[in-house]
file work.txt (compact mmCIF, C-alpha atoms)
# COMPACT_ATOMS: atom_id res chain seq x y z
CA MET A 23 47.20 43.13 30.08
CA ALA A 24 44.49 44.49 32.31
CA ILE A 25 44.65 44.05 36.05
CA TYR A 26 41.78 44.99 38.30
CA HIS A 27 42.76 45.07 41.93
CA PHE A 28 40.72 45.23 45.07
CA ASN A 29 42.08 44.10 48.40
CA ILE A 30 40.34 44.17 51.72
CA GLY A 31 41.72 42.86 54.99
CA LEU A 32 40.36 42.55 58.47
CA LYS A 33 42.79 45.14 59.87
CA GLN A 34 41.72 47.72 57.30
CA LEU A 35 38.06 47.72 58.25
CA GLY A 36 38.44 49.81 61.37
CA LYS A 37 35.52 49.52 63.77
CA MET A 38 33.70 46.91 61.72
CA ASN A 39 33.57 43.60 63.58
CA LYS A 40 35.34 40.56 62.16
CA ARG A 41 32.15 38.74 61.26
CA ARG A 42 30.87 41.69 59.23
CA ALA A 43 34.29 41.99 57.58
CA ALA A 44 34.17 38.29 56.65
CA LEU A 45 30.69 38.78 55.17
CA LEU A 46 31.90 41.70 53.08
CA HIS A 47 34.95 39.76 51.94
CA LYS A 48 32.77 36.80 50.91
CA ALA A 49 30.29 39.05 49.08
CA VAL A 50 33.11 40.81 47.22
CA LYS A 51 34.63 37.49 46.13
CA LYS A 52 31.24 36.28 44.87
CA GLU A 53 30.58 39.46 42.86
CA TRP A 54 34.20 39.54 41.64
CA GLU A 55 33.73 36.02 40.20
CA LYS A 56 30.55 37.08 38.39
CA ALA A 57 32.24 40.19 37.00
CA THR A 58 35.24 38.12 35.86
CA ASN A 59 32.98 35.70 33.98
CA ASP A 60 31.10 38.59 32.38
CA CYS A 61 34.38 40.14 31.21
CA LEU A 62 35.63 36.83 29.79
CA ASN A 63 32.36 36.40 27.89
CA ASP A 64 32.70 39.96 26.60
CA LEU A 65 36.27 39.29 25.40
CA ARG A 66 35.11 36.14 23.62
CA ALA A 67 32.29 38.07 21.96
CA ARG A 68 34.71 40.81 20.86
CA THR A 69 37.07 38.18 19.43
CA HIS A 70 34.22 36.56 17.54
CA ALA A 71 32.98 39.94 16.23
CA ALA A 72 36.49 40.87 15.06
CA LYS A 73 36.46 37.68 12.93
CA LYS A 74 39.89 36.65 14.20
CA ILE A 75 38.93 32.97 14.30
CA ASP A 76 40.91 30.41 12.34
CA LEU A 77 41.52 27.33 14.45
CA GLY A 78 39.81 28.90 17.46
CA ALA A 79 42.97 29.19 19.58
CA LEU A 80 42.46 32.93 20.12
CA LEU A 81 38.82 32.44 21.10
CA ARG A 82 39.56 29.52 23.45
CA GLY A 83 42.68 31.18 24.83
CA TRP A 84 40.95 33.73 27.09
CA ALA A 85 41.65 33.00 30.75
CA THR A 86 42.33 34.70 34.04
CA LYS A 87 45.04 34.56 36.65
CA LYS A 88 43.86 35.16 40.19
CA ARG A 89 46.04 36.58 42.93
CA HIS A 90 45.55 37.78 46.49
CA GLY A 91 42.79 35.32 47.28
CA GLY A 92 41.01 35.91 43.99
CA LEU A 93 40.62 39.66 44.44
CA GLU A 94 43.17 40.61 41.80
CA ILE A 95 42.27 39.45 38.32
CA GLU A 96 44.57 39.43 35.31
CA PHE A 97 43.02 38.74 31.90
CA ILE A 98 45.32 36.81 29.57
CA ASN A 99 45.17 35.00 26.26
CA THR A 100 47.21 31.85 25.89
CA ALA A 101 47.11 31.77 22.08
CA PRO A 102 50.66 32.10 20.72
CA HIS A 103 49.63 34.76 18.19
CA HIS A 104 47.56 36.90 20.56
CA PHE A 105 50.24 39.57 20.88
CA TRP A 106 50.31 40.20 17.11
CA VAL A 107 46.52 40.33 16.89
CA GLU A 108 46.24 42.72 19.83
CA PHE A 109 49.13 45.06 19.03
CA GLY A 110 49.88 44.42 15.36
CA ARG A 111 53.28 43.95 13.80
CA LYS A 112 55.69 46.45 12.33
CA PRO A 113 57.20 45.84 8.90
CA GLY A 114 60.60 44.20 8.89
CA LYS A 115 61.32 40.62 9.81
CA TRP A 116 59.51 37.87 7.91
CA PRO A 117 57.00 35.74 9.81
CA PRO A 118 57.47 31.94 9.65
CA ILE A 119 56.47 30.97 6.10
CA SER A 120 55.40 27.46 7.14
CA LYS A 121 52.78 28.80 9.57
CA ILE A 122 51.55 31.40 7.09
CA ALA A 123 51.37 28.72 4.35
CA ALA A 124 49.26 26.51 6.62
CA TRP A 125 46.97 29.48 7.33
CA CYS A 126 46.70 30.23 3.59
CA GLY A 127 45.74 26.61 2.97
CA ARG A 128 42.93 26.83 5.53
CA LYS A 129 41.67 30.33 4.77
CA LEU A 130 42.48 30.85 1.10
CA GLY A 131 42.55 27.25 -0.10
CA ASP A 132 46.08 27.52 -1.51
CA PRO A 133 49.12 26.93 0.75
CA THR A 134 51.48 28.09 -2.01
CA LEU A 135 50.41 31.66 -1.27
CA GLY A 136 52.33 31.49 2.03
CA TYR A 137 55.43 33.11 0.51
CA VAL A 138 53.44 36.01 -0.97
CA VAL A 139 51.51 36.66 2.24
CA SER A 140 54.69 36.44 4.35
CA ARG A 141 56.40 38.96 2.07
CA LYS A 142 53.41 41.29 2.35
CA ILE A 143 53.51 41.04 6.15
CA ALA A 144 57.25 41.71 6.11
CA THR A 145 56.84 44.84 3.98
CA LYS A 146 53.55 46.26 5.29
CA GLY A 147 53.21 44.76 8.77
CA ILE A 148 49.92 43.79 10.40
CA ALA A 149 47.35 46.29 11.67
CA PRO A 150 46.42 45.88 15.35
CA THR A 151 43.01 44.63 16.39
CA PRO A 152 42.76 45.64 20.06
CA LEU A 153 40.49 43.29 21.96
CA MET A 154 41.60 43.50 25.58
CA SER A 155 43.36 46.85 25.28
CA SER A 156 40.43 48.55 23.55
CA LEU A 157 38.76 51.46 25.29
CA PRO A 158 35.25 49.90 25.10
CA PHE A 159 36.44 46.76 26.93
CA GLN A 160 38.29 48.84 29.52
CA ARG A 161 35.12 50.85 30.17
CA PHE A 162 32.96 47.71 30.31
CA ALA A 163 35.31 45.99 32.78
CA LYS A 164 35.62 49.06 34.99
CA LYS A 165 31.84 49.54 35.08
CA ARG A 166 31.16 45.84 35.68
CA PHE A 167 33.66 45.51 38.53
CA LYS A 168 32.42 48.74 40.14
CA SER A 169 28.81 47.55 40.02
CA GLY A 170 29.96 44.24 41.50
CA LEU A 171 31.60 46.03 44.41
CA ASP A 172 28.49 48.15 44.97
CA LYS A 173 26.30 45.04 44.98
CA ALA A 174 28.67 43.27 47.40
CA LYS A 175 28.54 46.26 49.74
CA GLU A 176 24.75 46.31 49.55
CA ASP A 177 24.44 42.53 50.11
CA SER A 178 26.83 42.52 53.07
CA THR A 179 24.99 45.47 54.64
CA LYS A 180 21.65 43.67 54.31
CA GLU A 181 23.18 40.55 55.85
CA ALA A 182 24.65 42.57 58.72
CA ILE A 183 21.26 44.17 59.41
CA ARG A 184 19.64 40.74 59.34
CA MET A 185 22.28 39.43 61.79
CA ALA A 186 21.73 42.43 64.08
CA LYS A 187 17.98 41.76 64.18
CA VAL A 188 18.49 38.07 64.93
CA GLY A 189 21.29 38.57 67.49

call {"tool": "encode", "arguments": {"input": "work.txt", "output": "structure tokens"}}
result
Amino acid sequence: MAIYHFNIGLKQLGKMNKRRAALLHKAVKKEWEKATNDCLNDLRARTHAAKKIDLGALLRGWATKKRHGGLEIEFINTAPHHFWVEFGRKPGKWPPISKIAAWCGRKLGDPTLGYVVSRKIATKGIAPTPLMSSLPFQRFAKKRFKSGLDKAKEDSTKEAIRMAKVG
């Protein structure tokens, strides 16, 4: 779970007037939304490239939770099996044979292989395929959100200069 947090309030802006603070806040929210969409698209592309698509639940499951007025973003996946794809599974307990049999029917063409595959998972486990927790995604997200903040700062400064010339 990756959380990127940026919070700005009117009291924290010191000598900056309230109108300029509101402009900065609006610019940050706009850039934050663009960065969030870029990160979601990147996660979907990574999921597709990892070839972890069966019914498409993992690919369609990428979403965000917004907090603090949309300035704190949490990337989540609502697919029930996301945790095992992301972090793998240790050997031990057997996975549900019925679900594995259904998967074997779709992927391998023979649902009777469900028992064999379940046993293999129970003895060997499942290797992790980090999508959200991978270092390349973390770097991409950090870089994208930082560039969004820089652009918001630049846009709000230009707007403030324009307002100063008009007023």

call {"tool": "residues_around", "arguments": {"input": "work.txt", "residues": "Thr145 in chain A", "least_positions_apart": "5", "cutoff": "9 Å", "atoms": "all atoms listed in the file", "output": "PyMOL selection string"}}
result
chain A and resi 112-116+140

call {"tool": "closest_residue", "arguments": {"input": "work.txt", "among": "A:His103, A:Arg41, A:Lys146, A:Lys73", "to": "Lys121 in chain A", "atoms": "all atoms listed in the file"}}
result
A:His103

call {"tool": "atom_distance", "arguments": {"input": "work.txt", "atom1": "CA of Trp54 in chain A", "atom2": "CA of Arg82 in chain A"}}
result
21.4 Å

call {"tool": "atom_distance", "arguments": {"input": "work.txt", "atom1": "CA of Ala85 in chain A", "atom2": "CA of Asn99 in chain A"}}
result
6.0 Å

call {"tool": "residues_around", "arguments": {"input": "work.txt", "residues": "Phe109 in chain A", "least_positions_apart": "6", "cutoff": "7 Å", "atoms": "only C-alpha atoms", "output": "PyMOL selection string"}}
result
chain A and resi 150-152

call {"tool": "closest_residue", "arguments": {"input": "work.txt", "among": "A:Glu55, A:Glu176, A:Glu96, A:Glu108", "to": "Thr69 in chain A", "atoms": "all atoms listed in the file"}}
result
A:Glu108

call {"tool": "atom_distance", "arguments": {"input": "work.txt", "atom1": "CA of Lys51 in chain A", "atom2": "CA of Arg89 in chain A"}}
result
11.9 Å

call {"tool": "closest_residue", "arguments": {"input": "work.txt", "among": "A:Ala67, A:Leu45, A:Lys56, A:Met154", "to": "Asp177 in chain A", "atoms": "all atoms listed in the file"}}
result
A:Leu45

call {"tool": "closest_residue", "arguments": {"input": "work.txt", "among": "A:Ala44, A:Leu77, A:Val50, A:Ile98", "to": "Ser155 in chain A", "atoms": "all atoms listed in the file"}}
result
A:Ile98

call {"tool": "closest_residue", "arguments": {"input": "work.txt", "among": "A:Leu62, A:Ala101, A:Ala43, A:Ala49", "to": "Asp172 in chain A", "atoms": "only C-alpha atoms"}}
result
A:Ala49

call {"tool": "closest_residue", "arguments": {"input": "work.txt", "among": "A:Arg141, A:Lys180, A:Asn59, A:Thr134", "to": "Ile95 in chain A", "atoms": "only C-alpha atoms"}}
result
A:Asn59

call {"tool": "residues_around", "arguments": {"input": "work.txt", "residues": "Thr58 in chain A", "least_positions_apart": "5", "cutoff": "10 Å", "atoms": "all atoms listed in the file", "output": "mmCIF file with C-alpha atoms, in the frame of the given file"}}
result
data_model
loop_
_atom_site.group_PDB
_atom_site.id
_atom_site.type_symbol
_atom_site.label_atom_id
_atom_site.label_comp_id
_atom_site.auth_asym_id
_atom_site.auth_seq_id
_atom_site.Cartn_x
_atom_site.Cartn_y
_atom_site.Cartn_z
ATOM 1 C CA TYR A 26 41.780 44.990 38.300
ATOM 2 C CA GLU A 53 30.580 39.460 42.860
ATOM 3 C CA ASN A 63 32.360 36.400 27.890
ATOM 4 C CA ASP A 64 32.700 39.960 26.600
ATOM 5 C CA ALA A 85 41.650 33.000 30.750
ATOM 6 C CA THR A 86 42.330 34.700 34.040
ATOM 7 C CA ILE A 95 42.270 39.450 38.320
ATOM 8 C CA GLU A 96 44.570 39.430 35.310
ATOM 9 C CA PHE A 97 43.020 38.740 31.900
ATOM 10 C CA ALA A 163 35.310 45.990 32.780
ATOM 11 C CA ARG A 166 31.160 45.840 35.680
ATOM 12 C CA PHE A 167 33.660 45.510 38.530
ATOM 13 C CA GLY A 170 29.960 44.240 41.500
#

call {"tool": "decode", "arguments": {"input": "work.txt", "residues": "range 111-151 of chain A", "atoms": "N, CA and C atoms", "output": "PDB file, in the first residue's frame"}}
result
ATOM      1  N   ARG A 111       2.978 -16.361  -1.785  1.00  0.00           N
ATOM      2  CA  ARG A 111       2.363 -17.220  -0.775  1.00  0.00           C
ATOM      3  C   ARG A 111       3.391 -18.243  -0.328  1.00  0.00           C
ATOM      4  N   LYS A 112       3.511 -18.412   0.973  1.00  0.00           N
ATOM      5  CA  LYS A 112       4.443 -19.396   1.504  1.00  0.00           C
ATOM      6  C   LYS A 112       3.832 -20.791   1.376  1.00  0.00           C
ATOM      7  N   PRO A 113       4.663 -21.820   1.321  1.00  0.00           N
ATOM      8  CA  PRO A 113       4.133 -23.182   1.310  1.00  0.00           C
ATOM      9  C   PRO A 113       3.419 -23.475   2.621  1.00  0.00           C
ATOM     10  N   GLY A 114       2.484 -24.371   2.564  1.00  0.00           N
ATOM     11  CA  GLY A 114       1.763 -24.743   3.782  1.00  0.00           C
ATOM     12  C   GLY A 114       0.329 -25.094   3.471  1.00  0.00           C
ATOM     13  N   LYS A 115      -0.566 -24.227   3.860  1.00  0.00           N
ATOM     14  CA  LYS A 115      -1.994 -24.470   3.700  1.00  0.00           C
ATOM     15  C   LYS A 115      -2.395 -24.552   2.224  1.00  0.00           C
ATOM     16  N   TRP A 116      -3.335 -25.439   1.945  1.00  0.00           N
ATOM     17  CA  TRP A 116      -3.821 -25.611   0.573  1.00  0.00           C
ATOM     18  C   TRP A 116      -4.744 -24.465   0.191  1.00  0.00           C
ATOM     19  N   PRO A 117      -4.624 -23.973  -1.046  1.00  0.00           N
ATOM     20  CA  PRO A 117      -5.596 -22.980  -1.519  1.00  0.00           C
ATOM     21  C   PRO A 117      -6.919 -23.690  -1.828  1.00  0.00           C
ATOM     22  N   PRO A 118      -8.013 -22.949  -1.995  1.00  0.00           N
ATOM     23  CA  PRO A 118      -9.297 -23.588  -2.302  1.00  0.00           C
ATOM     24  C   PRO A 118      -9.247 -24.308  -3.657  1.00  0.00           C
ATOM     25  N   ILE A 119      -9.440 -25.611  -3.623  1.00  0.00           N
ATOM     26  CA  ILE A 119      -9.323 -26.431  -4.836  1.00  0.00           C
ATOM     27  C   ILE A 119     -10.356 -26.017  -5.877  1.00  0.00           C
ATOM     28  N   SER A 120     -11.556 -25.642  -5.450  1.00  0.00           N
ATOM     29  CA  SER A 120     -12.599 -25.279  -6.413  1.00  0.00           C
ATOM     30  C   SER A 120     -12.187 -24.063  -7.255  1.00  0.00           C
ATOM     31  N   LYS A 121     -11.581 -23.077  -6.612  1.00  0.00           N
ATOM     32  CA  LYS A 121     -11.149 -21.884  -7.358  1.00  0.00           C
ATOM     33  C   LYS A 121      -9.972 -22.204  -8.274  1.00  0.00           C
ATOM     34  N   ILE A 122      -9.059 -23.028  -7.799  1.00  0.00           N
ATOM     35  CA  ILE A 122      -7.912 -23.421  -8.620  1.00  0.00           C
ATOM     36  C   ILE A 122      -8.381 -24.283  -9.792  1.00  0.00           C
ATOM     37  N   ALA A 123      -9.364 -25.155  -9.559  1.00  0.00           N
ATOM     38  CA  ALA A 123      -9.901 -26.000 -10.636  1.00  0.00           C
ATOM     39  C   ALA A 123     -10.568 -25.135 -11.710  1.00  0.00           C
ATOM     40  N   ALA A 124     -11.298 -24.115 -11.277  1.00  0.00           N
ATOM     41  CA  ALA A 124     -11.924 -23.205 -12.247  1.00  0.00           C
ATOM     42  C   ALA A 124     -10.856 -22.489 -13.066  1.00  0.00           C
ATOM     43  N   TRP A 125      -9.793 -22.056 -12.391  1.00  0.00           N
ATOM     44  CA  TRP A 125      -8.677 -21.386 -13.090  1.00  0.00           C
ATOM     45  C   TRP A 125      -8.028 -22.346 -14.079  1.00  0.00           C
ATOM     46  N   CYS A 126      -7.805 -23.595 -13.661  1.00  0.00           N
ATOM     47  CA  CYS A 126      -7.197 -24.595 -14.551  1.00  0.00           C
ATOM     48  C   CYS A 126      -8.078 -24.846 -15.771  1.00  0.00           C
ATOM     49  N   GLY A 127      -9.383 -24.828 -15.571  1.00  0.00           N
ATOM     50  CA  GLY A 127     -10.300 -24.999 -16.706  1.00  0.00           C
ATOM     51  C   GLY A 127     -10.171 -23.864 -17.706  1.00  0.00           C
ATOM     52  N   ARG A 128     -10.016 -22.630 -17.210  1.00  0.00           N
ATOM     53  CA  ARG A 128      -9.891 -21.481 -18.102  1.00  0.00           C
ATOM     54  C   ARG A 128      -8.517 -21.405 -18.748  1.00  0.00           C
ATOM     55  N   LYS A 129      -7.474 -21.587 -17.956  1.00  0.00           N
ATOM     56  CA  LYS A 129      -6.109 -21.384 -18.451  1.00  0.00           C
ATOM     57  C   LYS A 129      -5.506 -22.613 -19.118  1.00  0.00           C
ATOM     58  N   LEU A 130      -5.756 -23.785 -18.525  1.00  0.00           N
ATOM     59  CA  LEU A 130      -5.118 -25.006 -19.018  1.00  0.00           C
ATOM     60  C   LEU A 130      -6.070 -25.898 -19.807  1.00  0.00           C
ATOM     61  N   GLY A 131      -7.362 -25.588 -19.755  1.00  0.00           N
ATOM     62  CA  GLY A 131      -8.341 -26.365 -20.496  1.00  0.00           C
ATOM     63  C   GLY A 131      -8.781 -27.651 -19.806  1.00  0.00           C
ATOM     64  N   ASP A 132      -8.325 -27.897 -18.585  1.00  0.00           N
ATOM     65  CA  ASP A 132      -8.675 -29.124 -17.880  1.00  0.00           C
ATOM     66  C   ASP A 132      -8.874 -28.834 -16.390  1.00  0.00           C
ATOM     67  N   PRO A 133     -10.147 -28.732 -15.943  1.00  0.00           N
ATOM     68  CA  PRO A 133     -10.391 -28.413 -14.529  1.00  0.00           C
ATOM     69  C   PRO A 133      -9.982 -29.529 -13.567  1.00  0.00           C
ATOM     70  N   THR A 134      -9.748 -30.732 -14.085  1.00  0.00           N
ATOM     71  CA  THR A 134      -9.340 -31.832 -13.194  1.00  0.00           C
ATOM     72  C   THR A 134      -7.918 -31.647 -12.676  1.00  0.00           C
ATOM     73  N   LEU A 135      -7.180 -30.730 -13.250  1.00  0.00           N
ATOM     74  CA  LEU A 135      -5.820 -30.460 -12.779  1.00  0.00           C
ATOM     75  C   LEU A 135      -5.806 -29.591 -11.519  1.00  0.00           C
ATOM     76  N   GLY A 136      -6.962 -29.165 -11.054  1.00  0.00           N
ATOM     77  CA  GLY A 136      -7.065 -28.307  -9.874  1.00  0.00           C
ATOM     78  C   GLY A 136      -6.415 -28.912  -8.645  1.00  0.00           C
ATOM     79  N   TYR A 137      -6.584 -30.218  -8.448  1.00  0.00           N
ATOM     80  CA  TYR A 137      -5.985 -30.885  -7.282  1.00  0.00           C
ATOM     81  C   TYR A 137      -4.463 -30.837  -7.365  1.00  0.00           C
ATOM     82  N   VAL A 138      -3.924 -31.137  -8.534  1.00  0.00           N
ATOM     83  CA  VAL A 138      -2.467 -31.171  -8.721  1.00  0.00           C
ATOM     84  C   VAL A 138      -1.859 -29.782  -8.524  1.00  0.00           C
ATOM     85  N   VAL A 139      -2.494 -28.776  -9.102  1.00  0.00           N
ATOM     86  CA  VAL A 139      -1.985 -27.405  -8.974  1.00  0.00           C
ATOM     87  C   VAL A 139      -2.087 -26.938  -7.528  1.00  0.00           C
ATOM     88  N   SER A 140      -3.194 -27.246  -6.855  1.00  0.00           N
ATOM     89  CA  SER A 140      -3.354 -26.875  -5.441  1.00  0.00           C
ATOM     90  C   SER A 140      -2.278 -27.524  -4.578  1.00  0.00           C
ATOM     91  N   ARG A 141      -1.985 -28.782  -4.856  1.00  0.00           N
ATOM     92  CA  ARG A 141      -0.943 -29.481  -4.093  1.00  0.00           C
ATOM     93  C   ARG A 141       0.417 -28.828  -4.328  1.00  0.00           C
ATOM     94  N   LYS A 142       0.683 -28.460  -5.557  1.00  0.00           N
ATOM     95  CA  LYS A 142       1.947 -27.797  -5.894  1.00  0.00           C
ATOM     96  C   LYS A 142       2.069 -26.451  -5.170  1.00  0.00           C
ATOM     97  N   ILE A 143       0.975 -25.699  -5.126  1.00  0.00           N
ATOM     98  CA  ILE A 143       0.972 -24.421  -4.408  1.00  0.00           C
ATOM     99  C   ILE A 143       1.201 -24.659  -2.921  1.00  0.00           C
ATOM    100  N   ALA A 144       0.576 -25.708  -2.390  1.00  0.00           N
ATOM    101  CA  ALA A 144       0.719 -26.009  -0.960  1.00  0.00           C
ATOM    102  C   ALA A 144       2.147 -26.415  -0.611  1.00  0.00           C
ATOM    103  N   THR A 145       2.833 -27.084  -1.519  1.00  0.00           N
ATOM    104  CA  THR A 145       4.193 -27.539  -1.219  1.00  0.00           C
ATOM    105  C   THR A 145       5.260 -26.512  -1.587  1.00  0.00           C
ATOM    106  N   LYS A 146       5.074 -25.786  -2.672  1.00  0.00           N
ATOM    107  CA  LYS A 146       6.097 -24.850  -3.153  1.00  0.00           C
ATOM    108  C   LYS A 146       5.776 -23.388  -2.883  1.00  0.00           C
ATOM    109  N   GLY A 147       4.496 -23.067  -2.721  1.00  0.00           N
ATOM    110  CA  GLY A 147       4.102 -21.673  -2.547  1.00  0.00           C
ATOM    111  C   GLY A 147       3.953 -20.979  -3.890  1.00  0.00           C
ATOM    112  N   ILE A 148       3.794 -19.683  -3.856  1.00  0.00           N
ATOM    113  CA  ILE A 148       3.665 -18.869  -5.070  1.00  0.00           C
ATOM    114  C   ILE A 148       4.682 -17.739  -4.973  1.00  0.00           C
ATOM    115  N   ALA A 149       5.431 -17.542  -6.047  1.00  0.00           N
ATOM    116  CA  ALA A 149       6.424 -16.460  -6.075  1.00  0.00           C
ATOM    117  C   ALA A 149       5.709 -15.112  -6.174  1.00  0.00           C
ATOM    118  N   PRO A 150       6.205 -14.091  -5.492  1.00  0.00           N
ATOM    119  CA  PRO A 150       5.572 -12.776  -5.576  1.00  0.00           C
ATOM    120  C   PRO A 150       5.824 -12.101  -6.920  1.00  0.00           C
ATOM    121  N   THR A 151       4.865 -11.307  -7.346  1.00  0.00           N
ATOM    122  CA  THR A 151       5.003 -10.466  -8.525  1.00  0.00           C
ATOM    123  C   THR A 151       4.659  -9.046  -8.082  1.00  0.00           C
TER     124      THR A 151
END
